[in-house]
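Peer 1: I have a structure here, written as structure tokens, and I will follow up with some questions on it.
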Amino acid sequence: MPIDVLLGLQWGDEGKGKVVDYIAPKYKVVARFQGGPNAGHTLVMNGEKHVLHQIPSGIFRPDTINVIGNGVVLDPAVFAKEVLALEVKNVEVKENLFLSNRTQIIIPTHKLLDRASEASKGEQKIGSTLKGIGPSYQDKFARQGLRLGDILSADFDSRYEALKLAHISLLDGSGFDQQELNEMETQFFESLEKIRTFKVVNTEYLLNDCLQKGQSILAEGAQGAMLDIDFGSYPFVTSSSTTAAGACTGLGIAPRHIRKVIGITKAYCTRVGSGPFPTELNDETGEKIRKAGQEFGSTTGRPRRTGWLDLPALKFANMVNGTTEMLIMKGDVLDCFDEVKVCTAYHNEAGQVSEELHYDMARNISRPILHTLAGWPEGLASADSWDSLPSNFKSYCLFIEEKLGVPISFISTGPGREQTIVK
């Protein structure tokens, strides 16, 4: 059986958690392939909100195997806290969760390095979640990081101390406060004991064995395509490959196994942290979208920046991912507007019109060219099929399909699992 890849097409926060939970029964395995505790996948079931940071969103399905792949960076303290929160709600975690022994570990000094680095940038700060993700990936590529398999080794403590001391030498030079370190280390080592009771294995063998047995796999991405380390709005990006290609290196599976790339987008745009955002609305309209959509970061709690849908950015994301179908989320948030707008192209600094993204979006300001469409003030809440959706909303979806050349397969009409329409 092939692998389907599900990922965000914007700057993250598109609603991946809900979608994974909804379609998980179609798959034997749900596997996270990149990112770390900076992810915040929100699911609402029976009116109760659940936020997952490290654990795949298929964990609520008892017949689904969940895998944390080698492309992820894992914070043991966050993981242990997340496991406890699930166990309190009687969710079985240990039986169906496998962790790659190649997964990089975030140690306490990674978080301190993250804070020191961000503080040193001043007004040029990236907008990091300060979870230690960037420094952990830096150590991975510097070939000095620690991996989950290492916690089972007899010499783990000495290897940990060596890496910690290397970090402290950098922190001493920055003059950054390290007084929290002892408390963070206590929590870290307690959490490692918890992880040692889980299945830390060669997940690349597990996943390829599932493929040979004809079992289907859903690769779950974190963040979004516009935060990709190569193709995102650099340098205001994350530290991993958030595109479909990252599923191969992040899980140890060959590209030939990928069947579908399912791209998720909101009916508008949001972004957390710094960086370019061509369609951003710094006005009452933007605030109206923020309040209606409850646009606050599920990981940081920070207010998200909001703006109209950006079709050139979506077209670029579809191109680099090979998106085969799209899912539209949060169309109900725009119920309160008599008309909505969509960016169809940009005016660049030279005054030229272009549908292409500049490679250096941060330094080359683009002004959006907006197209206005009629709104759907009657709302989406009562719709339970494509035919019962407001005609103006259907026109909105068809306009997006026409401009992007990628079909829309699912539409979310609210946060609940049941508030989903198959087109």
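Chain labels A, B, ... are given in the sequence in which chains occur in the structure tokens; within each chain residues are numbered consecutively from 1, and ligands are likewise numbered from 1 in the order shown.
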Could you pull out all residues of range 44-245 of chain A with a DSSP call of strand (DSSP E or B) and give them as a ChimeraX atom specification?
Peer 2: /A:44-45,48-52,65-68,72-74,97-100,104-105,147,199-201,217-220
Peer 1: Which residues, written as a ChimeraX atom specification, have at least one atom at most 8 Å from range 334-337 of chain A, with only C-alpha atoms counted and residues fewer than 3 positions away on the same chain left out?
Peer 2: /A:267,289,292,330-331,340,375-380
Peer 1: Residues as selected, C-alpha atoms, written as a compact mmCIF listing (two decimals), in the first residue's frame, can you do that?
Peer 2:
```
# COMPACT_ATOMS: atom_id res chain seq x y z
CA ALA A 267 -10.08 30.05 3.93
CA ILE A 289 -11.06 37.48 11.75
CA ALA A 292 -14.07 34.93 15.07
CA LYS A 330 -12.37 27.57 8.81
CA GLY A 331 -14.62 28.87 6.06
CA VAL A 340 -14.38 38.55 1.16
CA GLY A 375 -19.67 36.62 1.22
CA TRP A 376 -21.93 34.01 2.78
CA PRO A 377 -23.50 35.71 5.83
CA GLU A 378 -26.10 32.92 6.10
CA GLY A 379 -23.25 30.79 7.48
CA LEU A 380 -21.95 27.25 7.06
```
Peer 1: Residues within 8 Å of Ala80 in chain A, please, as a VMD selection string. Count only C-alpha atoms; anything in the same chain fewer than 4 positions from it doesn't count.
Peer 2: chain A and resid 76 84 191 194 to 195
Peer 1: Would you put the residues from that selection into a file with N, CA and C atoms, as a tab-separated table (two decimals), in the first residue's frame?
Peer 2:
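Resulting contents of part08.tsv:
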```tsv
chain	number	residue	atom	x	y	z
A	76	PRO	N	11.80	15.52	25.84
A	76	PRO	CA	11.29	14.51	26.77
A	76	PRO	C	10.30	15.05	27.80
A	84	LEU	N	0.92	12.04	30.02
A	84	LEU	CA	0.13	12.08	31.25
A	84	LEU	C	-1.25	12.67	30.99
A	191	SER	N	11.78	12.59	32.94
A	191	SER	CA	11.03	12.29	31.72
A	191	SER	C	11.70	11.19	30.90
A	194	LYS	N	10.50	7.89	31.93
A	194	LYS	CA	9.19	7.61	31.34
A	194	LYS	C	9.34	7.09	29.91
A	195	ILE	N	10.19	7.73	29.13
A	195	ILE	CA	10.38	7.34	27.73
A	195	ILE	C	10.97	5.94	27.62
```
Peer 1: Pick the closest to Asp4 in chain A from A:Val91, A:Leu170, A:Ala245, A:Leu192: which is it, counting only C-alpha atoms?
Peer 2: A:Ala245
Peer 1: Can you tell me, as an MDAnalysis selection string, what residues are no more than 9 Å from Ile105 in chain A when counting only C-alpha atoms, ignoring any on the same chain fewer than 2 positions away?
Peer 2: chainID A and resid 72:76 103 107 136 145:148
Peer 1: Mind the document's chain letters and residue numbers, and return as a PyMOL selection string the residues of range 92-258 of chain A that DSSP labels alpha helix (DSSP H).
Peer 2: chain A and resi 108-121+133-141+156-174+181-195+203-212+245-251
Peer 1: From the set A:Val320, A:Ile262, A:Leu309, A:Leu171, which residue has the shortest atom-to-atom contact distance to Ser120 in chain A, counting only C-alpha atoms?
Peer 2: A:Leu171
Peer 1: Give me the residues within 12 Å of His53 in chain A as JSON, numbers by chain, counting only C-alpha atoms and dropping any in the same chain fewer than 6 places off.
Peer 2: {"A": [16, 17, 32, 34, 35, 36, 37, 38, 39, 40, 41, 42, 43, 68, 72, 73, 74, 75, 76, 77, 78, 79, 80, 81, 82, 83, 85, 86, 131, 221, 222, 223, 297, 298, 299, 300]}
Peer 1: Nearest to Leu404 in chain A: which of A:Leu314, A:Ala350, A:Val44, A:Ala362 is it, counting only C-alpha atoms?
Peer 2: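 Counting only C-alpha atoms, the residue closest to Leu404 in chain A is A:Leu314.
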Peer 1: Can you tell me which residues surround Tyr27 in chain A at a distance of at most 8 Å, considering only C-alpha atoms, apart from same-chain residues fewer than 5 positions away, and format the answer as a list in words?
Peer 2: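 Counting only the stated atoms, we get Thr64, Gln215, Ser216, Ile217 and Leu218 of chain A.
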Peer 1: For the residues in that selection, give me C-alpha atoms as a JSON list (two decimals), in the first residue's frame.
Peer 2:
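Dumped to again_39.json:
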```
[["chain", "number", "residue", "atom", "x", "y", "z"],
["A", 64, "THR", "CA", -4.14, 3.11, 14.67],
["A", 215, "GLN", "CA", -0.96, -1.51, 5.30],
["A", 216, "SER", "CA", -1.59, 2.16, 4.58],
["A", 217, "ILE", "CA", 0.38, 5.01, 6.17],
["A", 218, "LEU", "CA", -0.47, 8.68, 6.68]]
```
Peer 1: What's around Asp21 in chain A at 12 Å? Count only C-alpha atoms, leave out sequence neighbours fewer than 5 positions away in its own chain, and write the answer as a compact mmCIF listing (two decimals) with N, CA and C atoms, in the first residue's frame.
Peer 2:
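For reference, around-v5.txt as written:
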```
# COMPACT_ATOMS: atom_id res chain seq x y z
N LEU A 6 0.09 14.33 4.49
CA LEU A 6 -0.80 15.43 4.84
C LEU A 6 0.02 16.55 5.46
N GLY A 15 -5.01 23.53 10.73
CA GLY A 15 -6.03 22.60 11.20
C GLY A 15 -5.70 21.15 10.89
N LYS A 16 -4.40 20.83 10.86
CA LYS A 16 -3.97 19.48 10.49
C LYS A 16 -4.45 18.43 11.49
N LYS A 26 -8.86 5.45 7.90
CA LYS A 26 -8.49 4.91 6.59
C LYS A 26 -7.08 4.32 6.59
N TYR A 27 -6.32 4.59 7.65
CA TYR A 27 -4.90 4.23 7.66
C TYR A 27 -4.56 3.33 8.85
N VAL A 29 -1.39 3.32 9.97
CA VAL A 29 -0.33 4.03 10.68
C VAL A 29 -0.46 5.53 10.44
N VAL A 30 -0.27 6.32 11.50
CA VAL A 30 -0.10 7.77 11.38
C VAL A 30 1.30 8.09 11.91
N HIS A 41 -1.22 20.69 17.31
CA HIS A 41 -2.32 20.14 16.53
C HIS A 41 -3.55 20.00 17.42
N THR A 42 -4.56 20.82 17.12
CA THR A 42 -5.75 20.90 17.96
C THR A 42 -6.87 20.03 17.42
N LEU A 43 -7.47 19.24 18.30
CA LEU A 43 -8.60 18.40 17.95
C LEU A 43 -9.73 18.68 18.93
N VAL A 44 -10.97 18.71 18.43
CA VAL A 44 -12.14 18.91 19.29
C VAL A 44 -13.04 17.70 19.11
N MET A 45 -13.26 16.96 20.20
CA MET A 45 -14.13 15.78 20.17
C MET A 45 -15.12 15.83 21.32
N HIS A 50 -8.42 19.12 22.61
CA HIS A 50 -7.16 18.43 22.87
C HIS A 50 -6.08 19.05 21.99
N VAL A 51 -4.91 19.33 22.55
CA VAL A 51 -3.80 19.88 21.78
C VAL A 51 -2.60 18.93 21.89
N LEU A 52 -2.13 18.46 20.74
CA LEU A 52 -0.97 17.57 20.69
C LEU A 52 0.23 18.32 20.13
N PRO A 56 1.57 11.92 17.44
CA PRO A 56 0.73 11.98 16.23
C PRO A 56 -0.76 12.06 16.55
N SER A 57 -1.50 12.70 15.65
CA SER A 57 -2.92 12.97 15.90
C SER A 57 -3.81 11.74 15.74
N GLY A 58 -3.23 10.60 15.37
CA GLY A 58 -4.01 9.37 15.28
C GLY A 58 -4.13 8.65 16.61
N ILE A 59 -3.58 9.23 17.67
CA ILE A 59 -3.52 8.54 18.97
C ILE A 59 -4.90 8.30 19.55
N PHE A 60 -5.90 9.07 19.14
CA PHE A 60 -7.25 8.90 19.67
C PHE A 60 -8.01 7.76 19.00
N ARG A 61 -7.41 7.16 17.98
CA ARG A 61 -8.01 6.02 17.30
C ARG A 61 -7.33 4.75 17.80
N PRO A 62 -8.03 3.91 18.56
CA PRO A 62 -7.39 2.75 19.22
C PRO A 62 -6.81 1.72 18.26
N THR A 64 -5.16 2.46 15.49
CA THR A 64 -4.14 3.11 14.67
C THR A 64 -2.78 3.05 15.35
N ASN A 66 0.78 4.68 15.86
CA ASN A 66 1.32 6.04 15.78
C ASN A 66 2.84 5.98 15.89
N LEU A 218 -0.27 7.24 6.84
CA LEU A 218 -0.47 8.68 6.68
C LEU A 218 0.70 9.40 7.34
N GLU A 220 2.15 12.64 8.75
CA GLU A 220 1.58 13.87 9.30
C GLU A 220 2.66 14.95 9.45
N PRO A 415 -15.03 23.30 14.29
CA PRO A 415 -13.90 22.60 14.91
C PRO A 415 -14.14 21.12 15.20
N GLY A 416 -15.39 20.69 15.27
CA GLY A 416 -15.68 19.32 15.66
C GLY A 416 -15.38 18.30 14.58
N ARG A 417 -15.12 17.06 15.02
CA ARG A 417 -14.82 15.96 14.09
C ARG A 417 -15.93 15.79 13.07
N GLU A 418 -17.19 15.96 13.52
CA GLU A 418 -18.34 15.74 12.65
C GLU A 418 -18.63 16.91 11.71
N THR A 420 -17.45 18.22 9.10
CA THR A 420 -16.59 18.04 7.92
C THR A 420 -17.45 17.56 6.75
```
